[in-house]
>>> print(open('entry-v7.tsv').read())   # TSV, C-alpha atoms
chain	number	residue	atom	x	y	z
A	1	MET	CA	62.60	-96.54	-1.54
A	2	THR	CA	59.20	-96.63	0.15
A	3	SER	CA	56.96	-99.51	-0.97
A	4	THR	CA	53.64	-98.21	-2.29
A	5	THR	CA	52.03	-101.57	-1.43
A	6	HIS	CA	53.16	-101.05	2.17
A	7	LEU	CA	51.73	-97.52	2.18
A	8	ARG	CA	48.36	-98.64	0.79
A	9	HIS	CA	48.09	-101.40	3.37
A	10	GLY	CA	49.02	-98.88	6.04
A	11	LEU	CA	46.26	-96.55	4.84
A	12	ALA	CA	43.76	-99.42	4.95
A	13	ARG	CA	44.83	-100.27	8.51
A	14	GLU	CA	44.45	-96.63	9.55
A	15	LEU	CA	40.94	-96.40	8.10
A	16	ALA	CA	39.98	-99.72	9.70
A	17	ALA	CA	41.29	-98.57	13.09
A	18	ARG	CA	39.13	-95.44	12.79
A	19	GLY	CA	36.09	-97.61	12.08
A	20	LEU	CA	35.84	-96.30	8.51
A	21	LEU	CA	36.72	-99.51	6.67
A	22	THR	CA	34.99	-102.61	7.98
A	23	ASP	CA	33.96	-104.37	4.76
A	24	PRO	CA	36.64	-106.81	3.50
A	25	ALA	CA	35.88	-106.09	-0.18
A	26	ARG	CA	36.25	-102.33	0.24
A	27	ARG	CA	39.42	-102.83	2.28
A	28	ALA	CA	40.86	-104.97	-0.50
A	29	ALA	CA	40.06	-102.20	-2.99
A	30	VAL	CA	41.92	-99.57	-0.94
A	31	GLU	CA	44.89	-101.92	-0.64
A	32	ALA	CA	44.90	-102.73	-4.35
A	33	VAL	CA	44.33	-99.40	-6.12
A	34	PRO	CA	47.60	-97.42	-6.46
A	35	ARG	CA	46.50	-93.88	-5.66
A	36	GLU	CA	49.89	-92.53	-6.72
A	37	LEU	CA	49.02	-93.38	-10.34
A	38	PHE	CA	46.09	-90.97	-10.25
A	39	LEU	CA	47.85	-87.84	-9.02
A	40	GLY	CA	50.46	-87.33	-11.72
A	41	ASP	CA	53.53	-85.45	-10.54
A	42	ALA	CA	52.02	-82.40	-8.81
A	43	VAL	CA	49.13	-81.33	-6.58
A	44	PHE	CA	48.08	-78.02	-5.04
A	45	ARG	CA	48.49	-77.21	-1.36
A	46	SER	CA	46.83	-74.21	0.26
A	47	ASN	CA	49.10	-71.59	1.82
A	48	GLY	CA	46.16	-69.62	3.20
A	49	THR	CA	45.58	-67.14	0.39
A	50	HIS	CA	46.83	-69.05	-2.68
A	51	TRP	CA	47.21	-72.56	-4.01
A	52	GLU	CA	50.84	-73.58	-4.31
A	53	PRO	CA	51.94	-76.51	-6.50
A	54	ALA	CA	53.78	-79.29	-4.66
A	55	ARG	CA	55.91	-81.23	-7.13
A	56	ARG	CA	57.12	-84.79	-6.94
A	57	GLU	CA	60.61	-83.88	-8.13
A	58	GLN	CA	61.02	-81.24	-5.43
A	59	LEU	CA	59.66	-83.32	-2.55
A	60	GLY	CA	61.55	-86.50	-3.32
A	61	GLU	CA	60.03	-89.89	-4.07
A	62	ASP	CA	59.54	-91.13	-0.49
A	63	GLU	CA	57.89	-87.95	0.79
A	64	TRP	CA	55.71	-87.71	-2.32
A	65	LEU	CA	54.44	-91.28	-1.98
A	66	ARG	CA	53.71	-90.87	1.73
A	67	MET	CA	51.81	-87.69	0.96
A	68	VAL	CA	49.65	-89.02	-1.87
A	69	CYS	CA	48.93	-92.30	-0.06
A	70	SER	CA	47.58	-90.47	3.01
A	71	ASP	CA	43.90	-89.96	3.84
A	72	THR	CA	43.87	-86.44	2.43
A	73	THR	CA	42.04	-84.64	-0.35
A	74	TRP	CA	44.53	-83.27	-2.87
A	75	VAL	CA	43.46	-80.42	-5.13
A	76	THR	CA	44.62	-81.07	-8.69
A	77	GLN	CA	43.05	-78.16	-10.57
A	78	VAL	CA	42.20	-74.55	-9.65
A	79	ASP	CA	39.96	-72.52	-11.99
A	80	GLY	CA	40.89	-74.86	-14.83
A	81	ILE	CA	44.66	-74.72	-14.20
A	82	SER	CA	46.22	-78.07	-13.33
A	83	ALA	CA	48.91	-78.35	-10.68
A	84	GLN	CA	51.32	-79.70	-13.29
A	85	GLU	CA	50.77	-76.65	-15.53
A	86	ALA	CA	51.01	-74.02	-12.79
A	87	ALA	CA	54.22	-71.99	-12.93
A	88	GLY	CA	53.74	-70.83	-9.33
A	89	PRO	CA	51.05	-70.11	-6.73
A	90	VAL	CA	47.57	-69.42	-8.14
A	91	SER	CA	44.38	-68.00	-6.65
A	92	GLY	CA	40.83	-69.10	-7.28
A	93	ARG	CA	38.43	-71.95	-6.58
A	94	PRO	CA	39.40	-75.62	-6.76
A	95	THR	CA	37.75	-77.21	-9.79
A	96	SER	CA	39.02	-80.79	-9.40
A	97	SER	CA	40.57	-82.90	-6.68
A	98	SER	CA	41.36	-86.42	-5.61
A	99	THR	CA	38.93	-87.12	-2.78
A	100	LEU	CA	40.35	-88.50	0.44
A	101	PRO	CA	40.09	-92.32	0.40
A	102	SER	CA	37.97	-92.47	3.57
A	103	LEU	CA	35.27	-90.40	1.82
A	104	VAL	CA	35.44	-92.59	-1.29
A	105	VAL	CA	34.87	-95.59	0.97
A	106	ARG	CA	32.06	-93.83	2.87
A	107	MET	CA	30.22	-92.98	-0.34
A	108	LEU	CA	30.40	-96.60	-1.45
A	109	GLU	CA	29.23	-97.78	1.97
A	110	LEU	CA	26.24	-95.43	1.90
A	111	ALA	CA	25.43	-96.34	-1.71
A	112	ASP	CA	25.53	-100.03	-0.69
A	113	VAL	CA	26.73	-101.18	-4.11
A	114	ARG	CA	27.47	-104.84	-4.68
A	115	GLU	CA	29.39	-106.88	-7.23
A	116	GLY	CA	27.50	-106.93	-10.51
A	117	ASP	CA	25.58	-103.68	-9.88
A	118	MET	CA	25.39	-101.29	-12.81
A	119	VAL	CA	26.70	-97.96	-11.50
A	120	LEU	CA	26.83	-94.47	-12.98
A	121	GLU	CA	29.52	-92.29	-11.42
A	122	ILE	CA	29.14	-88.54	-11.90
A	123	GLY	CA	32.58	-86.90	-11.90
A	124	THR	CA	35.51	-89.10	-12.93
A	125	GLY	CA	38.05	-86.54	-11.65
A	126	THR	CA	41.46	-88.17	-11.38
A	127	GLY	CA	39.94	-91.64	-11.84
A	128	TYR	CA	40.85	-92.94	-8.37
A	129	SER	CA	37.29	-93.46	-7.13
A	130	THR	CA	36.43	-94.99	-10.53
A	131	ALA	CA	39.24	-97.52	-10.09
A	132	VAL	CA	37.99	-98.40	-6.59
A	133	LEU	CA	34.51	-98.96	-8.06
A	134	CYS	CA	35.98	-101.17	-10.79
A	135	HIS	CA	37.82	-103.28	-8.22
A	136	LEU	CA	34.59	-103.78	-6.28
A	137	LEU	CA	32.10	-104.28	-9.10
A	138	GLY	CA	34.00	-105.20	-12.25
A	139	ASP	CA	35.04	-102.83	-15.03
A	140	GLY	CA	32.12	-103.60	-17.35
A	141	THR	CA	29.43	-102.40	-14.95
A	142	VAL	CA	30.99	-99.01	-14.16
A	143	TYR	CA	30.10	-95.93	-16.22
A	144	SER	CA	31.81	-92.67	-15.31
A	145	VAL	CA	31.08	-89.21	-16.72
A	146	GLU	CA	33.50	-86.27	-16.63
A	147	TYR	CA	32.60	-82.75	-17.75
A	148	ASP	CA	36.15	-81.45	-18.28
A	149	GLN	CA	37.75	-82.86	-21.45
A	150	GLU	CA	41.32	-82.44	-20.20
A	151	LEU	CA	40.53	-84.12	-16.88
A	152	ALA	CA	38.73	-86.93	-18.69
A	153	ALA	CA	41.72	-87.61	-20.94
A	154	THR	CA	44.11	-87.65	-17.99
A	155	ALA	CA	41.83	-89.94	-15.97
A	156	ALA	CA	41.64	-92.35	-18.91
A	157	GLN	CA	45.46	-92.53	-18.97
A	158	HIS	CA	45.54	-93.14	-15.21
A	159	LEU	CA	42.96	-95.91	-15.42
A	160	ARG	CA	44.77	-97.65	-18.28
A	161	ALA	CA	48.00	-97.49	-16.26
A	162	ALA	CA	46.15	-99.14	-13.37
A	163	GLY	CA	44.85	-101.88	-15.67
A	164	ARG	CA	41.23	-100.71	-15.55
A	165	SER	CA	38.78	-100.25	-18.43
A	166	PRO	CA	35.42	-98.85	-17.28
A	167	HIS	CA	33.05	-97.07	-19.66
A	168	LEU	CA	34.32	-93.47	-19.70
A	169	VAL	CA	32.16	-90.66	-20.99
A	170	VAL	CA	33.03	-87.02	-21.64
A	171	GLY	CA	29.97	-84.86	-21.18
A	172	GLU	CA	27.54	-83.16	-18.85
A	173	GLY	CA	27.09	-85.42	-15.83
A	174	LEU	CA	23.82	-83.76	-14.87
A	175	GLY	CA	22.37	-85.41	-17.98
A	176	GLY	CA	23.56	-88.83	-16.85
A	177	HIS	CA	24.36	-91.38	-19.57
A	178	GLN	CA	21.44	-93.17	-21.16
A	179	ASP	CA	23.49	-95.91	-22.85
A	180	GLY	CA	24.18	-97.72	-19.57
A	181	ALA	CA	20.68	-97.41	-18.11
A	182	ASP	CA	18.91	-98.76	-16.17
A	183	TYR	CA	21.41	-98.26	-13.33
A	184	ASP	CA	21.32	-99.82	-9.90
A	185	ALA	CA	23.01	-96.75	-8.45
A	186	VAL	CA	24.11	-93.22	-9.29
A	187	ILE	CA	27.03	-91.97	-7.21
A	188	ALA	CA	28.04	-88.32	-7.55
A	189	THR	CA	31.50	-87.09	-6.59
A	190	CYS	CA	30.30	-83.52	-7.01
A	191	ALA	CA	27.56	-81.67	-5.14
A	192	VAL	CA	24.29	-80.53	-6.69
A	193	ARG	CA	21.73	-77.90	-5.77
A	194	THR	CA	18.92	-80.22	-6.91
A	195	ILE	CA	18.69	-83.76	-8.24
A	196	PRO	CA	18.75	-83.77	-12.07
A	197	PRO	CA	15.61	-85.51	-13.42
A	198	SER	CA	17.77	-87.56	-15.80
A	199	TRP	CA	19.27	-89.38	-12.81
A	200	LEU	CA	15.78	-90.50	-11.84
A	201	TRP	CA	14.86	-91.51	-15.38
A	202	GLN	CA	17.98	-93.66	-15.78
A	203	LEU	CA	17.52	-95.64	-12.51
A	204	ARG	CA	15.77	-98.95	-12.21
A	205	ASP	CA	12.93	-99.22	-9.68
A	206	GLY	CA	14.59	-99.67	-6.30
A	207	GLY	CA	17.79	-98.03	-7.52
A	208	SER	CA	19.53	-95.34	-5.52
A	209	ILE	CA	21.19	-91.94	-5.85
A	210	THR	CA	24.01	-91.06	-3.46
A	211	THR	CA	25.08	-87.44	-3.55
A	212	THR	CA	25.57	-84.27	-1.55
A	213	ILE	CA	23.01	-81.49	-1.67
A	214	SER	CA	24.71	-78.12	-1.47
A	215	GLY	CA	24.27	-74.53	-2.65
A	216	TRP	CA	25.73	-71.06	-2.78
A	217	ILE	CA	25.80	-70.63	1.00
A	218	LEU	CA	28.00	-73.77	0.91
A	219	GLY	CA	25.95	-75.75	3.39
A	220	SER	CA	26.05	-79.42	2.53
A	221	GLY	CA	24.23	-82.66	3.31
A	222	LEU	CA	25.03	-86.22	2.26
A	223	ILE	CA	22.06	-88.36	1.27
A	224	ARG	CA	21.04	-91.66	-0.33
A	225	LEU	CA	17.69	-91.60	-2.14
A	226	VAL	CA	15.86	-94.75	-3.22
A	227	LEU	CA	13.50	-94.71	-6.20
A	228	ASP	CA	10.15	-96.45	-5.83
A	229	GLU	CA	7.95	-97.94	-8.56
A	230	GLU	CA	5.93	-94.72	-8.80
A	231	GLY	CA	8.99	-92.64	-9.72
A	232	VAL	CA	9.42	-90.99	-6.32
A	233	ALA	CA	12.83	-90.99	-4.63
A	234	ARG	CA	13.07	-90.68	-0.85
A	235	GLY	CA	15.79	-90.78	1.75
A	236	ARG	CA	17.26	-89.32	4.92
A	237	PHE	CA	20.46	-87.35	5.23
A	238	ALA	CA	23.52	-88.87	6.87
A	239	ALA	CA	25.28	-87.24	9.83
A	240	ASP	CA	28.62	-87.03	8.01
A	241	PRO	CA	30.02	-83.49	7.58
A	242	VAL	CA	30.82	-84.10	3.91
A	243	SER	CA	31.24	-81.49	1.20
A	244	TYR	CA	32.08	-81.73	-2.49
A	245	MET	CA	32.63	-79.07	-5.15
A	246	LEU	CA	29.40	-78.07	-6.83
A	247	ALA	CA	28.80	-79.44	-10.31
A	248	ARG	CA	29.99	-76.70	-12.66
A	249	PRO	CA	26.53	-75.87	-14.08
A	250	HIS	CA	25.31	-75.47	-10.47
A	251	GLU	CA	28.17	-73.18	-9.43
A	252	ARG	CA	27.59	-69.68	-8.06
A	253	PRO	CA	27.09	-67.01	-10.73
A	254	PRO	CA	29.64	-64.22	-10.99
A	255	ARG	CA	28.83	-61.21	-8.84
A	256	PRO	CA	30.41	-57.81	-8.25
A	257	THR	CA	32.43	-57.05	-5.14
A	258	PHE	CA	30.14	-56.87	-2.11
A	259	TYR	CA	29.32	-53.38	-0.85
A	260	ALA	CA	26.97	-53.19	2.12
A	261	HIS	CA	23.76	-51.20	1.60
A	262	PRO	CA	22.21	-49.69	4.76
A	263	GLY	CA	18.67	-50.82	3.86
A	264	SER	CA	16.18	-51.42	6.66
A	265	ARG	CA	17.54	-52.52	10.02
A	266	ARG	CA	16.25	-54.50	12.95
A	267	LYS	CA	17.41	-56.64	15.84
A	268	ALA	CA	18.32	-60.20	14.84
A	269	ARG	CA	16.08	-62.86	16.35
A	270	VAL	CA	18.72	-65.57	16.05
A	271	SER	CA	22.48	-65.22	16.22
A	272	PRO	CA	24.44	-65.29	12.94
A	273	ASP	CA	26.88	-67.48	14.88
A	274	LEU	CA	24.56	-70.35	13.94
A	275	LEU	CA	26.05	-70.12	10.44
A	276	ASP	CA	29.26	-71.50	11.94
A	277	ASP	CA	27.41	-74.74	12.81
A	278	TRP	CA	27.49	-77.45	10.13
A	279	THR	CA	23.75	-78.15	10.29
A	280	GLY	CA	22.89	-74.50	10.99
A	281	LEU	CA	24.57	-73.49	7.73
A	282	PHE	CA	22.68	-76.21	5.86
A	283	VAL	CA	19.37	-75.00	7.33
A	284	ALA	CA	20.16	-71.38	6.46
A	285	GLN	CA	20.72	-72.47	2.87
A	286	LEU	CA	17.33	-74.18	2.81
A	287	GLY	CA	15.78	-70.89	3.87
A	288	ALA	CA	17.57	-68.78	1.27
A	289	PRO	CA	18.52	-71.15	-1.58
A	290	SER	CA	19.41	-68.42	-4.07
A	291	ALA	CA	21.72	-66.51	-1.70
A	292	GLU	CA	25.51	-66.57	-1.52
A	293	LEU	CA	27.29	-66.24	1.83
A	294	VAL	CA	30.03	-63.61	2.10
A	295	ARG	CA	32.21	-63.39	5.20
A	296	THR	CA	33.09	-59.80	6.11
A	297	GLU	CA	35.06	-58.27	8.96
A	298	ALA	CA	31.83	-57.06	10.57
A	299	GLY	CA	29.97	-60.37	10.21
A	300	PRO	CA	28.23	-62.60	7.67
A	301	ALA	CA	26.42	-61.18	4.64
A	302	LEU	CA	23.96	-62.78	2.21
A	303	VAL	CA	23.78	-61.66	-1.43
A	304	ASP	CA	21.32	-62.64	-4.14
A	305	ALA	CA	23.00	-61.96	-7.49
A	306	ALA	CA	19.80	-62.17	-9.55
A	307	THR	CA	17.80	-59.55	-7.63
A	308	GLY	CA	20.55	-57.55	-5.94
A	309	SER	CA	19.03	-58.34	-2.55
A	310	GLN	CA	21.37	-58.44	0.40
A	311	ALA	CA	21.37	-58.87	4.16
A	312	TRP	CA	24.28	-58.30	6.49
A	313	ALA	CA	24.75	-58.49	10.23
A	314	GLU	CA	26.90	-56.52	12.63
A	315	PRO	CA	27.34	-56.82	16.41
A	316	ASP	CA	25.63	-54.03	18.33
A	317	GLY	CA	27.06	-54.63	21.81
A	318	ASN	CA	23.99	-56.57	22.91
A	319	GLY	CA	23.47	-59.09	20.14
A	320	TRP	CA	23.28	-58.40	16.41
A	321	THR	CA	21.66	-55.87	14.12
A	322	VAL	CA	20.63	-57.03	10.65
A	323	HIS	CA	20.41	-54.77	7.58
A	324	GLN	CA	18.29	-55.90	4.61
A	325	ASP	CA	17.95	-54.35	1.18
A	326	GLY	CA	16.25	-55.41	-2.04
A	327	PRO	CA	13.09	-57.34	-2.98
A	328	LEU	CA	14.07	-60.50	-1.06
A	329	ARG	CA	14.24	-60.33	2.73
A	330	LEU	CA	17.07	-62.81	2.91
A	331	TRP	CA	17.67	-62.73	6.63
A	332	ASP	CA	13.94	-63.13	7.31
A	333	GLN	CA	14.03	-66.30	5.20
A	334	VAL	CA	17.10	-67.60	7.03
A	335	GLU	CA	15.69	-66.81	10.48
A	336	ASP	CA	12.41	-68.58	9.72
A	337	ALA	CA	14.31	-71.73	8.77
A	338	LEU	CA	16.64	-71.55	11.78
A	339	ASP	CA	13.66	-70.93	14.09
A	340	ALA	CA	11.96	-74.10	12.84
A	341	TRP	CA	15.16	-76.07	13.34
A	342	GLN	CA	15.72	-74.75	16.88
A	343	GLN	CA	12.09	-75.39	17.86
A	344	ALA	CA	12.69	-79.02	16.85
A	345	GLY	CA	15.66	-79.15	19.25
A	346	ALA	CA	18.40	-78.23	16.72
A	347	PRO	CA	18.96	-81.88	15.68
A	348	ASP	CA	21.76	-83.01	13.37
A	349	GLN	CA	21.14	-83.76	9.71
A	350	THR	CA	19.85	-87.28	10.32
A	351	ALA	CA	16.58	-85.59	11.34
A	352	PHE	CA	16.17	-84.26	7.79
A	353	GLY	CA	14.89	-86.15	4.78
A	354	MET	CA	14.12	-85.46	1.16
A	355	THR	CA	11.42	-86.37	-1.34
A	356	VAL	CA	12.16	-86.02	-5.06
A	357	THR	CA	9.90	-86.26	-8.10
A	358	GLU	CA	10.38	-85.03	-11.66
A	359	TRP	CA	8.57	-81.80	-10.84
A	360	ASP	CA	9.23	-81.14	-7.15
A	361	GLN	CA	12.05	-81.55	-4.63
A	362	VAL	CA	11.45	-81.00	-0.94
A	363	VAL	CA	13.70	-81.24	2.12
A	364	TRP	CA	11.74	-81.84	5.32
A	365	LEU	CA	12.48	-81.93	9.04
A	366	GLY	CA	11.29	-84.86	11.16
A	367	ASP	CA	8.89	-86.35	8.60
A	368	PRO	CA	7.33	-85.32	5.28
A	369	GLU	CA	4.50	-83.58	7.13
A	370	GLY	CA	6.90	-81.44	9.19
A	371	PRO	CA	8.60	-78.15	8.29
A	372	CYS	CA	9.75	-78.30	4.67
A	373	TRP	CA	11.67	-76.32	2.09
A	374	ARG	CA	11.53	-76.61	-1.70
A	375	LEU	CA	14.81	-76.77	-3.57
A	376	PRO	CA	15.32	-74.55	-6.65
A	377	VAL	CA	14.35	-77.02	-9.39
>>> encode(input="entry-v7.tsv", output="structure tokens")
Amino acid sequence: MTSTTHLRHGLARELAARGLLTDPARRAAVEAVPRELFLGDAVFRSNGTHWEPARREQLGEDEWLRMVCSDTTWVTQVDGISAQEAAGPVSGRPTSSSTLPSLVVRMLELADVREGDMVLEIGTGTGYSTAVLCHLLGDGTVYSVEYDQELAATAAQHLRAAGRSPHLVVGEGLGGHQDGADYDAVIATCAVRTIPPSWLWQLRDGGSITTTISGWILGSGLIRLVLDEEGVARGRFAADPVSYMLARPHERPPRPTFYAHPGSRRKARVSPDLLDDWTGLFVAQLGAPSAELVRTEAGPALVDAATGSQAWAEPDGNGWTVHQDGPLRLWDQVEDALDAWQQAGAPDQTAFGMTVTEWDQVVWLGDPEGPCWRLPV
């Protein structure tokens, strides 16, 4: 039978060879934490249109252990249905997963947490990243909040089996957890549209927030913000193409099936192909933060569920024609943002930064005096 210790050490060597695991303490955590304990006996694998449960008993022990000890994200829940409960393939959105170990390590590297730091983790999930934090910092300084009661109960079982006893909380992670404050760091394993004020209130001066900023267009940017003594948090985005599931209260609202309205039409100033670029998509989202992106056979479409506004593009043989309908001119907003980005040389996300206060959150390009976009607080 395959040795799980051997597999964990092999994973650590792989990450180190890729330059993703250089710190000895973090390497020791990857080698020590048995990821197989946190995935139960089934995970979901995508077959293109559905999520299909892959079961330990069907795969065999060796194949299962090699799979779960690889640097891969494994989806464990889709629309509230766990892989272990699924009778067959299911459709829907992933609602929980075990993040690939290299991303767990990267988040900890960016957060720059040290032994003895008091840390609030938002999103316990399977408990794997919580266990890695415990190995690095000590169980007593780790607080972890999980929104889903069933996931929280399962994670608690996993952590006990791994010999770990952090402070586990079932509740709304966007509210933080006051009992452990003041924290040295908040680390979110879910994405947010804006930084919850409670995260700021529960940090010590000089503390940090490490999270991904995302939205309904599904652009995403990884950032570490540091809180100063005046209550203002600032930071620059990292280059990493990292995405997490949105926190459930920040998820896209339900909307009807998209039907294109003719609306007004004009020639597109910038190509919708820019939405296929990682940073281009992020910039488009800054321009239209309340819009959802829909991919159609003709081309991309933007829909605002609250106002019914929409914009959609179609090739016209010599570029693109854009149709817009409703009170918001969504494609105008997107083009203005993409224009500003292109005029700056279309840099990657390290050129962007963010300033956060209790009452205002702004993403800027270049420096705080450059082009800027307010997030939907």
>>> closest_residue(input="entry-v7.tsv", among="A:Thr130, A:Thr350, A:Gln361, A:Thr194", to="A:Pro166", atoms="only C-alpha atoms")
A:Thr130
>>> atom_distance(input="entry-v7.tsv", atom1="atom CA of A:Ala260", atom2="atom CA of A:Thr307")
14.8 Å
>>> atom_distance(input="entry-v7.tsv", atom1="atom CA of A:Gly207", atom2="atom CA of A:Glu229")
9.9 Å
>>> residues_near_point(input="entry-v7.tsv", point="(16.7, -54.9, 5.2)", cutoff="12 Å", atoms="all atoms listed in the file", output="VMD selection string")
chain A and resid 260 to 268 301 to 303 309 to 313 321 to 333
>>> residues_around(input="entry-v7.tsv", residues="A:Met118", least_positions_apart="6", cutoff="6 Å", atoms="only C-alpha atoms", output="ChimeraX atom specification")
/A:141,183-184
>>> write_last_selection(input="entry-v7.tsv", atoms="C-alpha atoms", output="CSV table (one decimal), keeping the file's coordinate frame")
chain,number,residue,atom,x,y,z
A,141,THR,CA,29.4,-102.4,-15.0
A,183,TYR,CA,21.4,-98.3,-13.3
A,184,ASP,CA,21.3,-99.8,-9.9
>>> residues_near_point(input="entry-v7.tsv", point="(34.2, -102.5, 2.9)", cutoff="12 Å", atoms="all atoms listed in the file", output="PyMOL selection string")
chain A and resi 12+15-16+19-31+102+104-114+132-133+135-136
>>> closest_residue(input="entry-v7.tsv", among="A:Ser96, A:Asn318, A:Thr126, A:Thr211", to="A:Gln157", atoms="only C-alpha atoms")
A:Thr126
>>> closest_residue(input="entry-v7.tsv", among="A:Gly353, A:Gly92, A:Pro256, A:Pro272", to="A:Pro368", atoms="all atoms listed in the file")
A:Gly353
>>> atom_distance(input="entry-v7.tsv", atom1="atom CA of A:Arg224", atom2="atom CA of A:Asp240")
12.2 Å
>>> closest_residue(input="entry-v7.tsv", among="A:Pro371, A:Pro376, A:Pro241, A:Pro197", to="A:Ala291", atoms="all atoms listed in the file")
A:Pro376
>>> residues_around(input="entry-v7.tsv", residues="A:His167", least_positions_apart="6", cutoff="9 Å", atoms="all atoms listed in the file", output="count of residues only")
8
>>> closest_residue(input="entry-v7.tsv", among="A:Ala247, A:Ala185, A:Leu203, A:Val192", to="A:Asp117", atoms="only C-alpha atoms")
A:Ala185
>>> closest_residue(input="entry-v7.tsv", among="A:Ala298, A:Ala131, A:Ala233, A:Leu59", to="A:Ala32", atoms="only C-alpha atoms")
A:Ala131
>>> decode(input="entry-v7.tsv", residues="stretch 9-24 of chain A", atoms="N, CA, C and O atoms", output="PDB file, in the first residue's frame")
ATOM      1  N   HIS A   9       5.616  13.951   1.388  1.00  0.00           N
ATOM      2  CA  HIS A   9       6.976  14.436   1.158  1.00  0.00           C
ATOM      3  C   HIS A   9       7.212  14.659  -0.341  1.00  0.00           C
ATOM      4  O   HIS A   9       7.905  15.607  -0.734  1.00  0.00           O
ATOM      5  N   GLY A  10       6.624  13.786  -1.161  1.00  0.00           N
ATOM      6  CA  GLY A  10       6.739  13.971  -2.602  1.00  0.00           C
ATOM      7  C   GLY A  10       6.056  15.252  -3.063  1.00  0.00           C
ATOM      8  O   GLY A  10       6.571  15.974  -3.926  1.00  0.00           O
ATOM      9  N   LEU A  11       4.888  15.556  -2.491  1.00  0.00           N
ATOM     10  CA  LEU A  11       4.199  16.797  -2.808  1.00  0.00           C
ATOM     11  C   LEU A  11       5.042  17.996  -2.406  1.00  0.00           C
ATOM     12  O   LEU A  11       5.168  18.970  -3.176  1.00  0.00           O
ATOM     13  N   ALA A  12       5.643  17.944  -1.220  1.00  0.00           N
ATOM     14  CA  ALA A  12       6.491  19.048  -0.768  1.00  0.00           C
ATOM     15  C   ALA A  12       7.682  19.231  -1.696  1.00  0.00           C
ATOM     16  O   ALA A  12       8.065  20.366  -2.030  1.00  0.00           O
ATOM     17  N   ARG A  13       8.293  18.130  -2.141  1.00  0.00           N
ATOM     18  CA  ARG A  13       9.417  18.240  -3.074  1.00  0.00           C
ATOM     19  C   ARG A  13       8.978  18.863  -4.401  1.00  0.00           C
ATOM     20  O   ARG A  13       9.692  19.682  -4.978  1.00  0.00           O
ATOM     21  N   GLU A  14       7.797  18.463  -4.876  1.00  0.00           N
ATOM     22  CA  GLU A  14       7.283  19.019  -6.133  1.00  0.00           C
ATOM     23  C   GLU A  14       7.079  20.531  -6.012  1.00  0.00           C
ATOM     24  O   GLU A  14       7.490  21.296  -6.891  1.00  0.00           O
ATOM     25  N   LEU A  15       6.454  20.959  -4.912  1.00  0.00           N
ATOM     26  CA  LEU A  15       6.207  22.388  -4.729  1.00  0.00           C
ATOM     27  C   LEU A  15       7.518  23.153  -4.575  1.00  0.00           C
ATOM     28  O   LEU A  15       7.661  24.273  -5.091  1.00  0.00           O
ATOM     29  N   ALA A  16       8.480  22.562  -3.880  1.00  0.00           N
ATOM     30  CA  ALA A  16       9.784  23.206  -3.725  1.00  0.00           C
ATOM     31  C   ALA A  16      10.494  23.326  -5.066  1.00  0.00           C
ATOM     32  O   ALA A  16      11.107  24.364  -5.377  1.00  0.00           O
ATOM     33  N   ALA A  17      10.416  22.295  -5.894  1.00  0.00           N
ATOM     34  CA  ALA A  17      11.058  22.318  -7.209  1.00  0.00           C
ATOM     35  C   ALA A  17      10.440  23.382  -8.108  1.00  0.00           C
ATOM     36  O   ALA A  17      11.114  23.945  -8.973  1.00  0.00           O
ATOM     37  N   ARG A  18       9.163  23.658  -7.906  1.00  0.00           N
ATOM     38  CA  ARG A  18       8.476  24.699  -8.688  1.00  0.00           C
ATOM     39  C   ARG A  18       8.665  26.083  -8.085  1.00  0.00           C
ATOM     40  O   ARG A  18       8.113  27.067  -8.575  1.00  0.00           O
ATOM     41  N   GLY A  19       9.447  26.181  -7.027  1.00  0.00           N
ATOM     42  CA  GLY A  19       9.706  27.464  -6.391  1.00  0.00           C
ATOM     43  C   GLY A  19       8.560  27.968  -5.550  1.00  0.00           C
ATOM     44  O   GLY A  19       8.515  29.152  -5.192  1.00  0.00           O
ATOM     45  N   LEU A  20       7.617  27.093  -5.187  1.00  0.00           N
ATOM     46  CA  LEU A  20       6.427  27.491  -4.461  1.00  0.00           C
ATOM     47  C   LEU A  20       6.518  27.220  -2.971  1.00  0.00           C
ATOM     48  O   LEU A  20       5.615  27.592  -2.225  1.00  0.00           O
ATOM     49  N   LEU A  21       7.599  26.562  -2.546  1.00  0.00           N
ATOM     50  CA  LEU A  21       7.710  26.179  -1.140  1.00  0.00           C
ATOM     51  C   LEU A  21       9.171  26.297  -0.729  1.00  0.00           C
ATOM     52  O   LEU A  21       9.940  25.348  -0.816  1.00  0.00           O
ATOM     53  N   THR A  22       9.549  27.489  -0.301  1.00  0.00           N
ATOM     54  CA  THR A  22      10.944  27.754   0.046  1.00  0.00           C
ATOM     55  C   THR A  22      11.168  27.870   1.551  1.00  0.00           C
ATOM     56  O   THR A  22      12.295  27.699   2.016  1.00  0.00           O
ATOM     57  N   ASP A  23      10.109  28.146   2.312  1.00  0.00           N
ATOM     58  CA  ASP A  23      10.245  28.324   3.752  1.00  0.00           C
ATOM     59  C   ASP A  23      10.238  26.961   4.446  1.00  0.00           C
ATOM     60  O   ASP A  23       9.306  26.163   4.251  1.00  0.00           O
ATOM     61  N   PRO A  24      11.224  26.656   5.264  1.00  0.00           N
ATOM     62  CA  PRO A  24      11.294  25.343   5.921  1.00  0.00           C
ATOM     63  C   PRO A  24      10.072  25.040   6.799  1.00  0.00           C
ATOM     64  O   PRO A  24       9.613  23.893   6.855  1.00  0.00           O
TER      65      PRO A  24
END
